[in-house]
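Q: If it helps, the file is called coords39.csv and holds CSV, C-alpha atoms:
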```csv
chain,number,residue,atom,x,y,z
A,241,MET,CA,-50.5,-30.2,5.8
A,242,VAL,CA,-49.9,-26.7,4.4
A,243,GLU,CA,-51.4,-24.9,7.5
A,244,ARG,CA,-49.2,-26.9,9.9
A,245,THR,CA,-45.9,-26.2,8.0
A,246,ALA,CA,-46.6,-22.6,7.2
A,247,PRO,CA,-45.8,-21.2,10.7
A,248,ALA,CA,-42.5,-23.2,10.7
A,249,ILE,CA,-41.6,-21.9,7.3
A,250,ALA,CA,-42.5,-18.3,8.4
A,251,GLY,CA,-40.4,-18.7,11.5
A,252,ALA,CA,-37.5,-19.8,9.5
A,253,LEU,CA,-37.6,-16.7,7.3
A,254,PRO,CA,-34.7,-14.2,7.8
A,255,GLY,CA,-35.4,-11.5,10.3
A,256,ARG,CA,-38.2,-13.3,12.1
A,257,ARG,CA,-36.3,-15.0,14.8
A,258,ARG,CA,-32.8,-14.8,16.1
A,259,PRO,CA,-30.9,-18.1,16.3
A,260,ARG,CA,-30.1,-19.3,19.8
A,261,TYR,CA,-26.7,-20.6,20.4
A,262,ARG,CA,-26.0,-23.2,23.0
A,263,PRO,CA,-23.2,-22.5,25.6
A,264,ALA,CA,-21.2,-25.4,24.1
A,265,GLU,CA,-21.3,-23.8,20.6
A,266,ILE,CA,-20.2,-20.4,22.0
A,267,ALA,CA,-17.4,-22.1,23.9
A,268,ILE,CA,-16.2,-23.9,20.8
A,269,ALA,CA,-16.3,-20.6,18.7
A,270,ALA,CA,-14.4,-18.8,21.4
A,271,ALA,CA,-11.8,-21.5,21.5
A,272,PHE,CA,-11.2,-21.2,17.8
A,273,LEU,CA,-10.7,-17.4,18.2
A,274,VAL,CA,-8.2,-17.7,21.0
A,275,PRO,CA,-5.0,-18.3,18.8
A,276,SER,CA,-5.8,-15.3,16.5
A,277,THR,CA,-6.7,-13.1,19.4
A,278,ILE,CA,-3.4,-13.9,21.1
A,279,VAL,CA,-1.4,-13.1,17.9
A,280,PHE,CA,-3.3,-9.8,17.3
A,281,ALA,CA,-2.9,-8.8,21.0
A,282,LEU,CA,0.9,-9.5,21.0
A,283,PHE,CA,1.8,-8.1,17.6
A,284,VAL,CA,-0.9,-5.4,16.9
A,285,PHE,CA,-2.8,-4.2,19.9
A,286,TYR,CA,0.0,-4.1,22.4
A,287,PRO,CA,2.5,-2.4,20.1
A,288,LEU,CA,-0.2,0.2,19.1
A,289,GLY,CA,-1.1,0.9,22.7
A,290,ARG,CA,2.6,1.1,23.7
A,291,THR,CA,3.3,3.5,20.9
A,292,ILE,CA,0.4,5.8,21.9
A,293,TRP,CA,1.5,5.6,25.6
A,294,LEU,CA,5.1,6.5,24.7
A,295,SER,CA,4.0,9.4,22.5
A,296,VAL,CA,2.6,11.2,25.6
A,297,HIS,CA,5.5,10.3,27.9
A,298,GLY,CA,9.1,11.0,28.1
A,299,SER,CA,11.4,7.9,27.8
A,300,ASP,CA,14.8,6.8,28.8
A,301,ILE,CA,17.5,5.3,26.6
A,302,PHE,CA,15.9,1.8,26.9
A,303,GLY,CA,12.5,3.0,25.7
A,304,ASN,CA,10.8,2.9,29.1
A,305,ALA,CA,8.2,5.6,29.7
A,306,THR,CA,9.1,8.2,32.4
A,307,ASN,CA,7.2,11.4,33.1
A,308,PHE,CA,3.9,12.3,31.5
A,309,VAL,CA,4.2,15.2,29.0
A,310,GLY,CA,0.8,15.1,27.4
A,311,PHE,CA,0.7,16.4,23.8
A,312,GLU,CA,3.9,18.3,24.2
A,313,ARG,CA,5.8,16.0,21.8
A,314,TYR,CA,3.0,16.4,19.2
A,315,ALA,CA,3.3,20.2,19.5
A,316,ASP,CA,7.1,19.9,19.0
A,317,PHE,CA,6.6,17.8,15.9
A,318,LEU,CA,4.2,20.2,14.3
A,319,SER,CA,6.1,23.4,15.3
A,320,ASP,CA,9.5,22.2,14.1
A,321,PRO,CA,9.7,23.0,10.3
A,322,LYS,CA,12.3,20.2,9.8
A,323,LEU,CA,10.2,17.6,11.5
A,324,ARG,CA,6.9,18.8,9.9
A,325,GLY,CA,8.6,18.7,6.5
A,326,VAL,CA,8.4,14.9,6.4
A,327,LEU,CA,4.7,15.1,5.9
A,328,PRO,CA,4.7,16.6,2.4
A,329,VAL,CA,7.7,14.4,1.5
A,330,THR,CA,5.7,11.3,2.6
A,331,VAL,CA,2.6,12.3,0.6
A,332,LEU,CA,4.7,13.2,-2.5
A,333,PHE,CA,6.5,9.9,-2.4
A,334,ALA,CA,3.1,8.1,-2.2
A,335,VAL,CA,1.9,10.0,-5.3
A,336,CYS,CA,5.1,9.3,-7.2
A,337,THR,CA,4.8,5.6,-6.5
A,338,VAL,CA,1.0,4.8,-6.5
A,339,VAL,CA,0.0,6.6,-9.7
A,340,PRO,CA,2.7,5.1,-12.0
A,341,THR,CA,2.3,1.7,-10.4
A,342,VAL,CA,-1.4,1.6,-11.1
A,343,VAL,CA,-1.3,3.2,-14.5
A,344,ILE,CA,1.7,1.3,-15.9
A,345,GLY,CA,0.6,-2.0,-14.3
A,346,LEU,CA,-2.9,-1.7,-15.9
A,347,ALA,CA,-1.4,-0.8,-19.3
A,348,LEU,CA,1.0,-3.8,-19.2
A,349,ALA,CA,-1.7,-6.2,-18.0
A,350,VAL,CA,-4.0,-5.1,-20.8
A,351,ALA,CA,-1.2,-5.5,-23.4
A,352,LEU,CA,-0.4,-8.9,-22.1
A,353,GLN,CA,-3.9,-10.2,-22.8
A,354,ALA,CA,-3.1,-10.2,-26.5
A,355,LYS,CA,-3.3,-13.6,-28.0
A,356,VAL,CA,0.1,-13.8,-29.7
A,357,LYS,CA,2.9,-16.3,-29.6
A,358,GLY,CA,5.2,-16.1,-26.7
A,359,VAL,CA,3.0,-13.8,-24.6
A,360,GLY,CA,3.3,-16.3,-21.6
A,361,PHE,CA,7.0,-15.6,-21.5
A,362,PHE,CA,6.4,-11.8,-21.3
A,363,ARG,CA,3.8,-12.3,-18.6
A,364,THR,CA,6.3,-14.2,-16.5
A,365,LEU,CA,8.9,-11.6,-17.2
A,366,MET,CA,6.7,-8.7,-16.1
A,367,ALA,CA,5.8,-10.4,-12.9
A,368,THR,CA,9.5,-11.1,-12.0
A,369,PRO,CA,10.1,-7.8,-10.1
A,370,PHE,CA,7.6,-9.0,-7.5
A,371,ALA,CA,10.1,-11.6,-6.4
A,372,PHE,CA,12.8,-9.0,-5.6
A,373,SER,CA,13.1,-7.8,-2.0
A,374,ALA,CA,13.4,-4.1,-1.3
A,375,ALA,CA,17.1,-4.5,-0.3
A,376,SER,CA,18.1,-6.4,-3.4
A,377,ALA,CA,16.3,-3.9,-5.7
A,378,ALA,CA,17.8,-1.0,-3.9
A,379,VAL,CA,21.4,-2.4,-4.2
A,380,VAL,CA,20.9,-3.1,-8.0
A,381,PHE,CA,19.5,0.4,-8.8
A,382,ASP,CA,22.1,2.1,-6.5
A,383,ALA,CA,24.7,0.8,-9.0
A,384,PHE,CA,22.6,1.9,-11.9
A,385,TYR,CA,22.3,5.4,-10.5
A,386,SER,CA,26.1,5.7,-9.9
A,387,PRO,CA,27.3,9.1,-11.3
A,388,SER,CA,30.5,7.7,-12.8
A,389,LEU,CA,29.9,4.0,-13.6
A,390,GLY,CA,26.1,3.9,-13.6
A,391,VAL,CA,24.0,2.5,-16.5
A,392,PHE,CA,21.7,5.5,-16.7
A,393,ASN,CA,24.4,8.1,-16.9
A,394,GLY,CA,26.2,5.9,-19.5
A,395,ILE,CA,23.1,6.0,-21.7
A,396,LEU,CA,22.9,9.8,-21.3
A,397,SER,CA,26.5,10.2,-22.3
A,398,HIS,CA,26.0,8.1,-25.4
A,399,LEU,CA,23.1,10.5,-26.3
A,400,GLY,CA,25.4,13.4,-25.8
A,401,LEU,CA,23.8,14.6,-22.6
A,402,SER,CA,25.5,15.4,-19.3
A,403,GLY,CA,25.2,13.0,-16.4
A,404,VAL,CA,22.7,13.4,-13.5
A,405,ASP,CA,23.4,13.2,-9.8
A,406,TRP,CA,20.4,10.9,-9.3
A,407,LEU,CA,20.6,10.3,-5.6
A,408,THR,CA,22.6,13.3,-4.4
A,409,ASN,CA,20.5,16.1,-6.0
A,410,PRO,CA,17.4,17.0,-3.9
A,411,ALA,CA,15.4,17.6,-7.1
A,412,THR,CA,16.0,14.1,-8.4
A,413,ALA,CA,16.6,11.9,-5.3
A,414,LEU,CA,12.9,11.4,-4.4
A,415,PRO,CA,11.7,10.5,-8.0
A,416,SER,CA,14.7,8.2,-8.3
A,417,VAL,CA,13.9,6.2,-5.2
A,418,ALA,CA,10.2,6.2,-6.1
A,419,ALA,CA,11.1,4.7,-9.5
A,420,VAL,CA,12.7,1.8,-7.8
A,421,SER,CA,9.6,1.2,-5.7
A,422,VAL,CA,7.4,1.4,-8.8
A,423,TRP,CA,9.6,-1.1,-10.6
A,424,ARG,CA,9.4,-3.5,-7.7
A,425,ASP,CA,5.6,-3.2,-7.3
A,426,LEU,CA,4.9,-3.5,-11.0
A,427,GLY,CA,5.0,-7.3,-10.8
A,428,TYR,CA,2.3,-7.5,-8.2
A,429,ALA,CA,0.2,-4.9,-10.1
A,430,VAL,CA,0.4,-6.9,-13.3
A,431,LEU,CA,-0.6,-10.1,-11.5
A,432,VAL,CA,-3.6,-8.5,-9.8
A,433,PHE,CA,-4.8,-6.7,-13.0
A,434,SER,CA,-4.3,-9.8,-15.1
A,435,ALA,CA,-6.5,-11.8,-12.7
A,436,GLY,CA,-9.1,-9.1,-12.9
A,437,LEU,CA,-9.0,-9.1,-16.7
A,438,GLN,CA,-9.3,-12.9,-16.8
A,439,ALA,CA,-12.5,-12.6,-14.7
A,440,ILE,CA,-14.3,-10.5,-17.4
A,441,PRO,CA,-16.7,-12.7,-19.4
A,442,GLU,CA,-15.4,-13.3,-22.9
A,443,GLU,CA,-19.0,-13.3,-24.2
A,444,LEU,CA,-19.2,-9.5,-23.4
A,445,LEU,CA,-16.1,-8.7,-25.3
A,446,GLU,CA,-17.1,-10.9,-28.3
A,447,ALA,CA,-20.6,-9.3,-28.4
A,448,ALA,CA,-19.0,-5.9,-28.5
A,449,ARG,CA,-16.7,-6.9,-31.3
A,450,LEU,CA,-19.6,-8.2,-33.3
A,451,ASP,CA,-21.4,-4.9,-32.8
A,452,GLY,CA,-18.4,-3.2,-34.4
A,453,ALA,CA,-16.8,-1.7,-31.3
A,454,GLY,CA,-13.1,-1.0,-31.6
A,455,ARG,CA,-10.4,-1.8,-29.0
A,456,TRP,CA,-10.5,1.7,-27.4
A,457,ARG,CA,-14.3,1.5,-27.2
A,458,ILE,CA,-14.2,-1.9,-25.6
A,459,LEU,CA,-11.5,-0.8,-23.2
A,460,ARG,CA,-13.4,2.3,-22.1
A,461,GLY,CA,-16.9,1.0,-22.1
A,462,ILE,CA,-16.5,-2.6,-20.9
A,463,ILE,CA,-13.0,-3.5,-19.5
A,464,LEU,CA,-12.4,-0.4,-17.3
A,465,PRO,CA,-15.9,-0.4,-15.7
A,466,LEU,CA,-15.7,-4.1,-14.9
A,467,LEU,CA,-12.1,-3.6,-13.6
A,468,THR,CA,-13.0,-0.8,-11.2
A,469,PRO,CA,-13.0,-3.1,-8.1
A,470,THR,CA,-9.5,-4.3,-9.0
A,471,ILE,CA,-8.3,-0.7,-9.6
A,472,PHE,CA,-9.8,0.4,-6.3
A,473,PHE,CA,-8.1,-2.4,-4.5
A,474,MET,CA,-4.7,-1.6,-6.1
A,475,LEU,CA,-5.1,2.1,-5.2
A,476,VAL,CA,-5.8,1.4,-1.6
A,477,VAL,CA,-3.1,-1.4,-1.1
A,478,SER,CA,-0.5,0.5,-3.1
A,479,THR,CA,-1.1,3.7,-1.1
A,480,ILE,CA,-0.8,1.9,2.3
A,481,GLY,CA,2.4,0.2,1.1
A,482,SER,CA,4.0,3.3,-0.3
A,483,LEU,CA,3.4,5.3,2.9
A,484,GLN,CA,5.4,2.6,4.8
A,485,THR,CA,8.3,2.3,2.4
A,486,PHE,CA,11.6,2.1,4.2
A,487,GLY,CA,14.1,-0.3,2.6
A,488,GLU,CA,14.8,1.6,-0.6
A,489,ILE,CA,15.2,4.9,1.3
A,490,ASN,CA,17.4,3.5,4.0
A,491,ILE,CA,19.8,1.8,1.5
A,492,MET,CA,19.9,4.3,-1.3
A,493,THR,CA,19.8,7.8,0.3
A,494,GLY,CA,19.5,7.5,4.0
A,495,GLY,CA,16.8,10.2,4.0
A,496,GLY,CA,19.0,12.7,2.2
A,497,PRO,CA,20.1,14.8,0.6
A,498,ASP,CA,19.0,17.5,3.0
A,499,GLY,CA,16.0,15.5,4.1
A,500,ALA,CA,14.6,15.3,0.5
A,501,THR,CA,13.7,11.6,0.9
A,502,THR,CA,13.0,11.5,4.7
A,503,THR,CA,9.5,10.1,5.0
A,504,LEU,CA,7.6,9.5,8.2
A,505,VAL,CA,8.8,5.9,8.4
A,506,TYR,CA,12.4,6.9,8.0
A,507,GLY,CA,12.1,9.8,10.3
A,508,LEU,CA,10.7,7.4,12.9
A,509,TYR,CA,13.8,5.2,12.4
A,510,LYS,CA,16.2,8.2,12.7
A,511,SER,CA,14.6,9.4,16.0
A,512,ALA,CA,14.6,6.0,17.7
A,513,PHE,CA,17.4,3.9,16.3
A,514,ALA,CA,19.8,5.5,13.8
A,515,PHE,CA,23.2,6.9,14.8
A,516,GLY,CA,22.7,6.0,18.4
A,517,ALA,CA,19.4,8.0,18.8
A,518,SER,CA,17.0,7.0,21.5
A,519,ASP,CA,14.2,9.5,21.3
A,520,PHE,CA,11.4,6.9,21.5
A,521,GLY,CA,8.8,9.5,22.4
A,522,LEU,CA,9.3,11.5,19.2
A,523,ALA,CA,9.5,8.3,17.2
A,524,SER,CA,6.2,7.2,18.7
A,525,VAL,CA,4.6,10.6,17.8
A,526,GLN,CA,5.7,10.0,14.2
A,527,GLY,CA,4.3,6.5,14.3
A,528,VAL,CA,0.9,7.8,15.5
A,529,VAL,CA,1.0,10.5,12.9
A,530,LEU,CA,1.7,7.9,10.2
A,531,LEU,CA,-1.2,5.8,11.5
A,532,LEU,CA,-3.5,8.8,11.3
A,533,LEU,CA,-2.3,9.7,7.8
A,534,VAL,CA,-2.8,6.1,6.5
A,535,MET,CA,-6.3,6.0,8.1
A,536,SER,CA,-7.2,9.4,6.7
A,537,ILE,CA,-6.1,8.7,3.1
A,538,THR,CA,-7.7,5.3,3.1
A,539,ALA,CA,-11.0,6.8,4.4
A,540,ILE,CA,-10.9,9.5,1.7
A,541,GLN,CA,-10.3,6.8,-0.9
A,542,PHE,CA,-13.2,4.8,0.3
A,543,ARG,CA,-15.4,7.9,0.5
A,544,VAL,CA,-14.6,9.3,-3.0
A,545,LEU,CA,-13.5,6.3,-5.1
A,546,GLN,CA,-15.9,3.6,-4.0
A,547,ARG,CA,-18.8,5.5,-5.5
A,548,LYS,CA,-17.2,4.9,-8.9
A,549,VAL,CA,-16.7,1.2,-8.4
A,550,PHE,CA,-18.9,-1.0,-10.5
A,551,TYR,CA,-19.7,-4.3,-8.9
A,552,SER,CA,-21.1,-6.7,-11.4
```
Is it possible to give me this structure as structure tokens?
A:
Amino acid sequence: MVERTAPAIAGALPGRRRPRYRPAEIAIAAAFLVPSTIVFALFVFYPLGRTIWLSVHGSDIFGNATNFVGFERYADFLSDPKLRGVLPVTVLFAVCTVVPTVVIGLALAVALQAKVKGVGFFRTLMATPFAFSAASAAVVFDAFYSPSLGVFNGILSHLGLSGVDWLTNPATALPSVAAVSVWRDLGYAVLVFSAGLQAIPEELLEAARLDGAGRWRILRGIILPLLTPTIFFMLVVSTIGSLQTFGEINIMTGGGPDGATTTLVYGLYKSAFAFGASDFGLASVQGVVLLLLVMSITAIQFRVLQRKVFYS
């Protein structure tokens, strides 16, 4: 009995024999893929291909490609200091939003794990900003930043300090807009980090406490290592989202003052749509550059940070 079944068992082992699918099974699988393939083709692959095509062609006012210009538009983008300046602004905006979002979100999530009365209310309160849209948050903070009637300058005046031109000073405009983006993203960060903290086995924390480990030792030696997959996820997602921020910039500063808040996304909008513009070729170049920037930063994050991720 053993000798007869042994070959069958050996043949069923992984790597011994590739499964053979019948044509009917392949047809059924392909049928299930058709809807998603159509959606991706219409809303991802075609727009991407169209953008690349327009970036190497001239275009008319309707966005139709005309004569082939090769990489001339890319050369124009890189040689023009004003256009090229949107790259450092985009990267700086990402740094000003991603780092505070991850650090503050993690700190709040850890603090909200305390077993005290009413902590559930504060968890809900901290997650509330996630429900705000970019437009609504921008309008509210635009009023807060008002030089004459704003809340922030009112606080400064009560402290005996002079007011700040939050959105009209090139030195403060970018951090001010970034602060709005951080506030709006904190709710999502707190939710994600809270879920990651809830997944840490309580037995490990209890064993560490019985061994005499303090809060800081537990945080550094147990919580943070086990939370590295969540931290890595938040860094990647937050970076991609910050590089594509548009609503806050459009409503609060319009890319100003003097281009201090003009990122690649807003520069794309200005080239193609704003103020009657119709330079779709230049806008497509900026879209391709943004795509390459997102892919490059994401690849670097995977290359550098994933080594430090601890998967339990």
Q: Determine, counting all atoms listed in the file, which protein, DNA and RNA residues have an atom within 12 Å of an atom of segment 300-317 of chain A; residues of the same chain fewer than 2 positions away are not included. Present the result as a compact mmCIF listing (two decimals) with C-alpha atoms, in the coordinates of the input.
A:
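Saved file around_17.txt follows:
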```
# COMPACT_ATOMS: atom_id res chain seq x y z
CA ARG A 290 2.60 1.10 23.70
CA THR A 291 3.30 3.50 20.90
CA ILE A 292 0.40 5.80 21.90
CA TRP A 293 1.50 5.60 25.60
CA LEU A 294 5.10 6.50 24.70
CA SER A 295 4.00 9.40 22.50
CA VAL A 296 2.60 11.20 25.60
CA HIS A 297 5.50 10.30 27.90
CA GLY A 298 9.10 11.00 28.10
CA SER A 319 6.10 23.40 15.30
CA ASP A 320 9.50 22.20 14.10
CA PRO A 321 9.70 23.00 10.30
CA LYS A 322 12.30 20.20 9.80
CA LEU A 323 10.20 17.60 11.50
CA ARG A 324 6.90 18.80 9.90
CA GLY A 325 8.60 18.70 6.50
CA VAL A 326 8.40 14.90 6.40
CA LEU A 327 4.70 15.10 5.90
CA LEU A 504 7.60 9.50 8.20
CA GLY A 507 12.10 9.80 10.30
CA LEU A 508 10.70 7.40 12.90
CA SER A 511 14.60 9.40 16.00
CA ALA A 512 14.60 6.00 17.70
CA PHE A 513 17.40 3.90 16.30
CA GLY A 516 22.70 6.00 18.40
CA ALA A 517 19.40 8.00 18.80
CA SER A 518 17.00 7.00 21.50
CA ASP A 519 14.20 9.50 21.30
CA PHE A 520 11.40 6.90 21.50
CA GLY A 521 8.80 9.50 22.40
CA LEU A 522 9.30 11.50 19.20
CA ALA A 523 9.50 8.30 17.20
CA SER A 524 6.20 7.20 18.70
CA VAL A 525 4.60 10.60 17.80
CA GLN A 526 5.70 10.00 14.20
CA GLY A 527 4.30 6.50 14.30
CA VAL A 528 0.90 7.80 15.50
CA VAL A 529 1.00 10.50 12.90
```
Q: Each residue of segment 363-418 of chain A with at least one atom at most 7 Å from segment 422-441 of chain A should appear once, together with its nearest atom pair and the corresponding distance in Å (one decimal); atoms considered: all atoms listed in the file; ordering: chain, then increasing residue number; output as a Markdown table.
A:
```
| residue | atom | partner | partner_atom | distance |
| --- | --- | --- | --- | --- |
| A:Met366 | CA | A:Gly427 | CA | 5.7 |
| A:Ala367 | CA | A:Gly427 | CA | 3.8 |
| A:Thr368 | CA | A:Gly427 | CA | 6.0 |
| A:Pro369 | CA | A:Arg424 | CA | 5.0 |
| A:Phe370 | CA | A:Gly427 | CA | 4.5 |
| A:Phe372 | CA | A:Arg424 | CA | 6.8 |
| A:Ala418 | CA | A:Val422 | CA | 6.2 |
```
Q: So which one's closest to Cys336 of chain A, A:Ala419, A:Val379, A:Leu464, A:Met535? Using all atoms listed in the file, please.
A: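 Of A:Ala419, A:Val379, A:Leu464, A:Met535, the one nearest Cys336 of chain A is A:Ala419, counting all atoms listed in the file.
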Q: Skipping near chain neighbours, those fewer than 4 positions away, what residues fall within 10 Å of Pro465 of chain A using only C-alpha atoms, listed as a list of chain:residue names?
A: A:Leu459, A:Arg460, A:Gly461, A:Pro469, A:Ile471, A:Lys548, A:Val549, A:Phe550, A:Tyr551, A:Ser552
Q: At what distance in Å, to one decimal, does atom CA of Ala375 of chain A lie from atom CA of Pro340 of chain A?
A: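 Rounded to one decimal, the two atoms are 20.9 Å apart.
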Q: Restore N, CA and C atoms in segment 318-343 of chain A and list the result as a PDB file, keeping the file's coordinate frame.
A:
```
ATOM      1  N   LEU A 318       4.858  19.358  15.270  1.00  0.00           N
ATOM      2  CA  LEU A 318       4.200  20.200  14.300  1.00  0.00           C
ATOM      3  C   LEU A 318       4.782  21.626  14.256  1.00  0.00           C
ATOM      4  N   SER A 319       5.507  22.053  15.294  1.00  0.00           N
ATOM      5  CA  SER A 319       6.100  23.400  15.300  1.00  0.00           C
ATOM      6  C   SER A 319       7.499  23.419  14.688  1.00  0.00           C
ATOM      7  N   ASP A 320       8.163  22.275  14.626  1.00  0.00           N
ATOM      8  CA  ASP A 320       9.500  22.200  14.100  1.00  0.00           C
ATOM      9  C   ASP A 320       9.408  22.057  12.539  1.00  0.00           C
ATOM     10  N   PRO A 321       9.860  23.059  11.765  1.00  0.00           N
ATOM     11  CA  PRO A 321       9.700  23.000  10.300  1.00  0.00           C
ATOM     12  C   PRO A 321      10.433  21.733   9.713  1.00  0.00           C
ATOM     13  N   LYS A 322      11.576  21.353  10.288  1.00  0.00           N
ATOM     14  CA  LYS A 322      12.300  20.200   9.800  1.00  0.00           C
ATOM     15  C   LYS A 322      11.553  18.907   9.996  1.00  0.00           C
ATOM     16  N   LEU A 323      10.955  18.783  11.180  1.00  0.00           N
ATOM     17  CA  LEU A 323      10.200  17.600  11.500  1.00  0.00           C
ATOM     18  C   LEU A 323       8.868  17.587  10.685  1.00  0.00           C
ATOM     19  N   ARG A 324       8.227  18.740  10.643  1.00  0.00           N
ATOM     20  CA  ARG A 324       6.900  18.800   9.900  1.00  0.00           C
ATOM     21  C   ARG A 324       7.112  18.619   8.431  1.00  0.00           C
ATOM     22  N   GLY A 325       8.325  18.876   7.930  1.00  0.00           N
ATOM     23  CA  GLY A 325       8.600  18.700   6.500  1.00  0.00           C
ATOM     24  C   GLY A 325       8.475  17.303   5.995  1.00  0.00           C
ATOM     25  N   VAL A 326       8.527  16.316   6.892  1.00  0.00           N
ATOM     26  CA  VAL A 326       8.400  14.900   6.400  1.00  0.00           C
ATOM     27  C   VAL A 326       7.029  14.595   5.935  1.00  0.00           C
ATOM     28  N   LEU A 327       6.029  15.342   6.340  1.00  0.00           N
ATOM     29  CA  LEU A 327       4.700  15.100   5.900  1.00  0.00           C
ATOM     30  C   LEU A 327       4.480  15.265   4.404  1.00  0.00           C
ATOM     31  N   PRO A 328       4.833  16.456   3.851  1.00  0.00           N
ATOM     32  CA  PRO A 328       4.700  16.600   2.400  1.00  0.00           C
ATOM     33  C   PRO A 328       5.599  15.634   1.620  1.00  0.00           C
ATOM     34  N   VAL A 329       6.780  15.322   2.156  1.00  0.00           N
ATOM     35  CA  VAL A 329       7.700  14.400   1.500  1.00  0.00           C
ATOM     36  C   VAL A 329       7.002  12.996   1.419  1.00  0.00           C
ATOM     37  N   THR A 330       6.358  12.598   2.511  1.00  0.00           N
ATOM     38  CA  THR A 330       5.700  11.300   2.600  1.00  0.00           C
ATOM     39  C   THR A 330       4.539  11.236   1.546  1.00  0.00           C
ATOM     40  N   VAL A 331       3.731  12.292   1.502  1.00  0.00           N
ATOM     41  CA  VAL A 331       2.600  12.300   0.600  1.00  0.00           C
ATOM     42  C   VAL A 331       3.096  12.356  -0.877  1.00  0.00           C
ATOM     43  N   LEU A 332       4.138  13.163  -1.138  1.00  0.00           N
ATOM     44  CA  LEU A 332       4.700  13.200  -2.500  1.00  0.00           C
ATOM     45  C   LEU A 332       5.262  11.908  -2.940  1.00  0.00           C
ATOM     46  N   PHE A 333       5.934  11.231  -2.039  1.00  0.00           N
ATOM     47  CA  PHE A 333       6.500   9.900  -2.400  1.00  0.00           C
ATOM     48  C   PHE A 333       5.356   8.933  -2.705  1.00  0.00           C
ATOM     49  N   ALA A 334       4.259   8.997  -1.946  1.00  0.00           N
ATOM     50  CA  ALA A 334       3.100   8.100  -2.200  1.00  0.00           C
ATOM     51  C   ALA A 334       2.535   8.393  -3.603  1.00  0.00           C
ATOM     52  N   VAL A 335       2.402   9.668  -3.955  1.00  0.00           N
ATOM     53  CA  VAL A 335       1.900  10.000  -5.300  1.00  0.00           C
ATOM     54  C   VAL A 335       2.795   9.531  -6.384  1.00  0.00           C
ATOM     55  N   CYS A 336       4.108   9.713  -6.191  1.00  0.00           N
ATOM     56  CA  CYS A 336       5.100   9.300  -7.200  1.00  0.00           C
ATOM     57  C   CYS A 336       5.196   7.805  -7.375  1.00  0.00           C
ATOM     58  N   THR A 337       4.691   7.048  -6.437  1.00  0.00           N
ATOM     59  CA  THR A 337       4.800   5.600  -6.500  1.00  0.00           C
ATOM     60  C   THR A 337       3.404   4.965  -6.903  1.00  0.00           C
ATOM     61  N   VAL A 338       2.340   5.451  -6.306  1.00  0.00           N
ATOM     62  CA  VAL A 338       1.000   4.800  -6.500  1.00  0.00           C
ATOM     63  C   VAL A 338       0.514   5.047  -7.920  1.00  0.00           C
ATOM     64  N   VAL A 339       0.539   6.291  -8.373  1.00  0.00           N
ATOM     65  CA  VAL A 339       0.000   6.600  -9.700  1.00  0.00           C
ATOM     66  C   VAL A 339       0.700   5.846 -10.814  1.00  0.00           C
ATOM     67  N   PRO A 340       2.046   5.913 -10.905  1.00  0.00           N
ATOM     68  CA  PRO A 340       2.700   5.100 -12.000  1.00  0.00           C
ATOM     69  C   PRO A 340       2.497   3.624 -11.835  1.00  0.00           C
ATOM     70  N   THR A 341       2.495   3.121 -10.608  1.00  0.00           N
ATOM     71  CA  THR A 341       2.300   1.700 -10.400  1.00  0.00           C
ATOM     72  C   THR A 341       0.973   1.223 -10.977  1.00  0.00           C
ATOM     73  N   VAL A 342      -0.091   1.945 -10.646  1.00  0.00           N
ATOM     74  CA  VAL A 342      -1.400   1.600 -11.100  1.00  0.00           C
ATOM     75  C   VAL A 342      -1.578   1.746 -12.607  1.00  0.00           C
ATOM     76  N   VAL A 343      -1.144   2.889 -13.125  1.00  0.00           N
ATOM     77  CA  VAL A 343      -1.300   3.200 -14.500  1.00  0.00           C
ATOM     78  C   VAL A 343      -0.479   2.244 -15.413  1.00  0.00           C
TER      79      VAL A 343
END
```
